[in-house]
Amino acid sequence: MTPTFRTSRPGSAADPSRRHIILVGLPGSGKSSVGRAVATQLGRTFLDLDLEIERREGRSISEIFGENGEAYFRAKELSLTKELQQVGNMILAPGGGWITIPDIVGLLRPPGRLIYLRVQPETALQRLGTRQTSRPLLTRPDPGAELKRLYGQRRAAYETADHVVDTELYSLQRVIEIVTELASSMG
Ligand code: S3P
């Protein structure tokens, strides 16, 4: 059965013959805002994996972590990613820890392509501002230290992306333009 997602466009836009573009990076790197804008520019379907998991579970990511733990949430990310193998042509924004799930990238790439929105943890924390409270991994006593730790753990995995965009060098608008150009050149 074809899976259904609550995306920015009807499922018919999710052409399985075309590749997904997957935006990866730390919380605060801009995956969701950039992804949504790029999808609009290109007339493609956008899916925020965290929002889709929240919709299906009927509760927030914080509640999921609090009630069932991180491993349960990672299992939800994995099963949703498997469903995404059956569709294509989407701009995908998984959570920052998605890339840590063993073998998950290989489920979508090839043919999918990864774009890494690079940001230093200090800048990411500033950008998140009060929104850090909705990230259960950042509600610990020192969220800055936690984000640095996560960055240290994940950096090498993020760098395996097909393209890296240094988001600190550009305005949000320019990042959206760059990612739109990259995504359209990758087909
Ligand atoms: C997480 C990042 C969050 C969300 C969850 C875990 C992480 O997504 O998936 O809180 O492990 O970095 P964002 O990157 O959109 O904040």
# chains A, B, ... in the order shown; residues from 1 in each chain; ligands from 1
>>> residues_near_ligand(ligand="ligand 1", cutoff="6 Å", atoms="only C-alpha atoms and all ligand atoms", output="list in words")
Leu26, Pro27, Asp50, Gly95, Gly96, Gly97, Arg135 and Pro136 of chain A
>>> write_last_selection(atoms="N, CA, C and O atoms", output="short mmCIF file (atom, residue, chain, number, x, y, z; two decimals), in the first residue's frame")
data_model
loop_
_atom_site.label_atom_id
_atom_site.label_comp_id
_atom_site.auth_asym_id
_atom_site.auth_seq_id
_atom_site.Cartn_x
_atom_site.Cartn_y
_atom_site.Cartn_z
N LEU A 26 22.62 20.10 12.22
CA LEU A 26 22.24 20.24 13.62
C LEU A 26 20.87 20.89 13.77
O LEU A 26 20.44 21.64 12.87
N PRO A 27 20.20 20.69 14.91
CA PRO A 27 19.05 21.52 15.23
C PRO A 27 19.48 22.99 15.12
O PRO A 27 20.58 23.35 15.57
N ASP A 50 10.00 15.15 11.65
CA ASP A 50 9.56 15.30 13.05
C ASP A 50 8.06 15.60 13.12
O ASP A 50 7.34 15.02 13.94
N GLY A 95 15.10 15.13 11.47
CA GLY A 95 15.71 15.76 12.64
C GLY A 95 17.23 15.60 12.60
O GLY A 95 17.77 14.76 11.87
N GLY A 96 17.89 16.39 13.44
CA GLY A 96 19.35 16.41 13.43
C GLY A 96 20.03 15.10 13.75
O GLY A 96 21.18 14.87 13.36
N GLY A 97 19.32 14.20 14.46
CA GLY A 97 19.93 12.93 14.86
C GLY A 97 19.63 11.79 13.90
O GLY A 97 20.13 10.67 14.09
N ARG A 135 13.29 20.76 22.01
CA ARG A 135 14.24 19.70 21.64
C ARG A 135 14.66 18.98 22.92
O ARG A 135 15.47 19.52 23.69
N PRO A 136 14.14 17.78 23.12
CA PRO A 136 14.42 17.10 24.40
C PRO A 136 15.89 16.92 24.71
O PRO A 136 16.29 16.97 25.87
#
>>> residues_around(residues="segment 81-87 of chain A", least_positions_apart="6", cutoff="7 Å", atoms="only C-alpha atoms", output="PyMOL selection string")
chain A and resi 3+14-16+107-108
>>> write_last_selection(atoms="N, CA, C and O atoms", output="PDB file, in the first residue's frame")
ATOM      1  N   PRO A   3       2.190   4.604   1.110  1.00  0.00           N
ATOM      2  CA  PRO A   3       2.030   5.336   2.368  1.00  0.00           C
ATOM      3  C   PRO A   3       1.497   6.751   2.148  1.00  0.00           C
ATOM      4  O   PRO A   3       1.676   7.313   1.072  1.00  0.00           O
ATOM      5  N   ALA A  14       4.662  13.444  -5.345  1.00  0.00           N
ATOM      6  CA  ALA A  14       5.776  12.657  -4.822  1.00  0.00           C
ATOM      7  C   ALA A  14       6.181  11.567  -5.819  1.00  0.00           C
ATOM      8  O   ALA A  14       6.160  10.381  -5.525  1.00  0.00           O
ATOM      9  N   ASP A  15       6.593  11.978  -6.997  1.00  0.00           N
ATOM     10  CA  ASP A  15       6.913  11.098  -8.119  1.00  0.00           C
ATOM     11  C   ASP A  15       8.030  10.099  -7.747  1.00  0.00           C
ATOM     12  O   ASP A  15       9.176  10.506  -7.539  1.00  0.00           O
ATOM     13  N   PRO A  16       7.708   8.802  -7.665  1.00  0.00           N
ATOM     14  CA  PRO A  16       8.705   7.831  -7.218  1.00  0.00           C
ATOM     15  C   PRO A  16       9.880   7.662  -8.172  1.00  0.00           C
ATOM     16  O   PRO A  16      10.922   7.120  -7.794  1.00  0.00           O
ATOM     17  N   LEU A 107      19.226   3.898   2.827  1.00  0.00           N
ATOM     18  CA  LEU A 107      17.850   3.591   2.428  1.00  0.00           C
ATOM     19  C   LEU A 107      17.366   4.555   1.343  1.00  0.00           C
ATOM     20  O   LEU A 107      16.532   4.209   0.519  1.00  0.00           O
ATOM     21  N   LEU A 108      17.886   5.766   1.365  1.00  0.00           N
ATOM     22  CA  LEU A 108      17.389   6.786   0.419  1.00  0.00           C
ATOM     23  C   LEU A 108      18.426   7.231  -0.613  1.00  0.00           C
ATOM     24  O   LEU A 108      18.071   7.828  -1.634  1.00  0.00           O
TER      25      LEU A 108
END
>>> select_by_dssp(residues="segment 22-185 of chain A", states="strand (DSSP E or B)", output="ChimeraX atom specification")
/A:22-24,45-48,90-93,113-118,163-166
>>> residues_around(residues="Phe65 of chain A", least_positions_apart="6", cutoff="10 Å", atoms="only C-alpha atoms", output="PyMOL selection string")
chain A and resi 71-74+135-137
>>> write_last_selection(atoms="C-alpha atoms", output="mmCIF file, in the first residue's frame")
data_model
loop_
_atom_site.group_PDB
_atom_site.id
_atom_site.type_symbol
_atom_site.label_atom_id
_atom_site.label_comp_id
_atom_site.auth_asym_id
_atom_site.auth_seq_id
_atom_site.Cartn_x
_atom_site.Cartn_y
_atom_site.Cartn_z
ATOM 1 C CA ALA A 71 15.361 4.566 20.992
ATOM 2 C CA TYR A 72 11.605 4.482 20.352
ATOM 3 C CA PHE A 73 11.781 7.815 18.509
ATOM 4 C CA ARG A 74 14.737 6.597 16.386
ATOM 5 C CA ARG A 135 14.243 19.702 21.640
ATOM 6 C CA PRO A 136 14.415 17.101 24.404
ATOM 7 C CA LEU A 137 18.159 16.579 23.928
#
>>> residues_around(residues="segment 166-183 of chain A", least_positions_apart="6", cutoff="9 Å", atoms="only C-alpha atoms", output="ChimeraX atom specification")
/A:21,29-30,33-35,37-39,41-42,91,113,115-120,123
>>> select_by_dssp(residues="segment 70-161 of chain A", states="helix (DSSP H, G or I)", output="number ranges by chain")
A: 70-84, 98-100, 105-108, 121-134, 136-138, 143-158
>>> residues_around(residues="Leu51 of chain A", least_positions_apart="6", cutoff="12 Å", atoms="only C-alpha atoms", output="PyMOL selection string")
chain A and resi 5-8+32+57-61+76-77+80+92-95
>>> closest_residue(among="A:Pro121, A:Met186, A:Arg109, A:Arg56", to="Ala161 of chain A", atoms="only C-alpha atoms")
A:Arg109
>>> atom_distance(atom1="atom CA of His163 of chain A", atom2="atom CA of Gly28 of chain A")
18.2 Å
>>> residues_around(residues="Gln153 of chain A", least_positions_apart="3", cutoff="12 Å", atoms="only C-alpha atoms", output="JSON, numbers by chain")
{"A": [26, 96, 97, 99, 100, 146, 147, 148, 149, 150, 156, 157, 158, 159]}
>>> write_last_selection(atoms="N, CA, C and O atoms", output="PDB file, in the first residue's frame")
ATOM      1  N   LEU A  26      22.618  20.097  12.218  1.00  0.00           N
ATOM      2  CA  LEU A  26      22.238  20.237  13.623  1.00  0.00           C
ATOM      3  C   LEU A  26      20.865  20.889  13.771  1.00  0.00           C
ATOM      4  O   LEU A  26      20.440  21.638  12.873  1.00  0.00           O
ATOM      5  N   GLY A  96      17.889  16.386  13.438  1.00  0.00           N
ATOM      6  CA  GLY A  96      19.355  16.415  13.426  1.00  0.00           C
ATOM      7  C   GLY A  96      20.026  15.095  13.750  1.00  0.00           C
ATOM      8  O   GLY A  96      21.175  14.869  13.362  1.00  0.00           O
ATOM      9  N   GLY A  97      19.321  14.205  14.462  1.00  0.00           N
ATOM     10  CA  GLY A  97      19.934  12.932  14.855  1.00  0.00           C
ATOM     11  C   GLY A  97      19.630  11.786  13.900  1.00  0.00           C
ATOM     12  O   GLY A  97      20.134  10.674  14.087  1.00  0.00           O
ATOM     13  N   ILE A  99      20.697  11.093  11.051  1.00  0.00           N
ATOM     14  CA  ILE A  99      21.889  10.549  10.382  1.00  0.00           C
ATOM     15  C   ILE A  99      22.662   9.572  11.264  1.00  0.00           C
ATOM     16  O   ILE A  99      23.486   8.803  10.765  1.00  0.00           O
ATOM     17  N   THR A 100      22.387   9.569  12.570  1.00  0.00           N
ATOM     18  CA  THR A 100      23.105   8.663  13.487  1.00  0.00           C
ATOM     19  C   THR A 100      22.517   7.252  13.477  1.00  0.00           C
ATOM     20  O   THR A 100      23.095   6.343  14.067  1.00  0.00           O
ATOM     21  N   GLU A 146      25.841  20.535  25.310  1.00  0.00           N
ATOM     22  CA  GLU A 146      25.193  19.369  24.708  1.00  0.00           C
ATOM     23  C   GLU A 146      25.236  19.445  23.174  1.00  0.00           C
ATOM     24  O   GLU A 146      25.529  18.471  22.489  1.00  0.00           O
ATOM     25  N   LEU A 147      24.960  20.632  22.665  1.00  0.00           N
ATOM     26  CA  LEU A 147      24.973  20.812  21.206  1.00  0.00           C
ATOM     27  C   LEU A 147      26.393  20.612  20.664  1.00  0.00           C
ATOM     28  O   LEU A 147      26.582  20.016  19.597  1.00  0.00           O
ATOM     29  N   LYS A 148      27.381  21.080  21.408  1.00  0.00           N
ATOM     30  CA  LYS A 148      28.783  20.875  20.991  1.00  0.00           C
ATOM     31  C   LYS A 148      29.125  19.393  20.970  1.00  0.00           C
ATOM     32  O   LYS A 148      29.802  18.906  20.077  1.00  0.00           O
ATOM     33  N   ARG A 149      28.639  18.677  21.991  1.00  0.00           N
ATOM     34  CA  ARG A 149      28.906  17.234  22.076  1.00  0.00           C
ATOM     35  C   ARG A 149      28.270  16.523  20.874  1.00  0.00           C
ATOM     36  O   ARG A 149      28.886  15.703  20.204  1.00  0.00           O
ATOM     37  N   LEU A 150      27.004  16.881  20.579  1.00  0.00           N
ATOM     38  CA  LEU A 150      26.308  16.252  19.455  1.00  0.00           C
ATOM     39  C   LEU A 150      27.028  16.566  18.143  1.00  0.00           C
ATOM     40  O   LEU A 150      27.176  15.703  17.279  1.00  0.00           O
ATOM     41  N   ALA A 156      31.285  14.117  11.325  1.00  0.00           N
ATOM     42  CA  ALA A 156      31.822  13.289  10.230  1.00  0.00           C
ATOM     43  C   ALA A 156      30.678  12.739   9.375  1.00  0.00           C
ATOM     44  O   ALA A 156      30.783  12.683   8.141  1.00  0.00           O
ATOM     45  N   ALA A 157      29.588  12.367  10.020  1.00  0.00           N
ATOM     46  CA  ALA A 157      28.444  11.824   9.263  1.00  0.00           C
ATOM     47  C   ALA A 157      27.808  12.923   8.403  1.00  0.00           C
ATOM     48  O   ALA A 157      27.498  12.703   7.219  1.00  0.00           O
ATOM     49  N   TYR A 158      27.654  14.115   8.974  1.00  0.00           N
ATOM     50  CA  TYR A 158      27.083  15.230   8.187  1.00  0.00           C
ATOM     51  C   TYR A 158      27.959  15.529   6.965  1.00  0.00           C
ATOM     52  O   TYR A 158      27.459  15.838   5.886  1.00  0.00           O
ATOM     53  N   GLU A 159      29.286  15.436   7.180  1.00  0.00           N
ATOM     54  CA  GLU A 159      30.211  15.798   6.088  1.00  0.00           C
ATOM     55  C   GLU A 159      30.178  14.798   4.928  1.00  0.00           C
ATOM     56  O   GLU A 159      30.753  15.060   3.881  1.00  0.00           O
TER      57      GLU A 159
END
>>> atom_distance(atom1="atom CA of Leu23 of chain A", atom2="atom CA of Glu67 of chain A")
27.8 Å
>>> atom_distance(atom1="atom CA of Leu114 of chain A", atom2="atom CA of Leu128 of chain A")
22.5 Å
>>> closest_residue(among="A:Ser184, A:Thr4, A:Ser79, A:Thr139", to="Gly43 of chain A", atoms="only C-alpha atoms")
A:Ser184
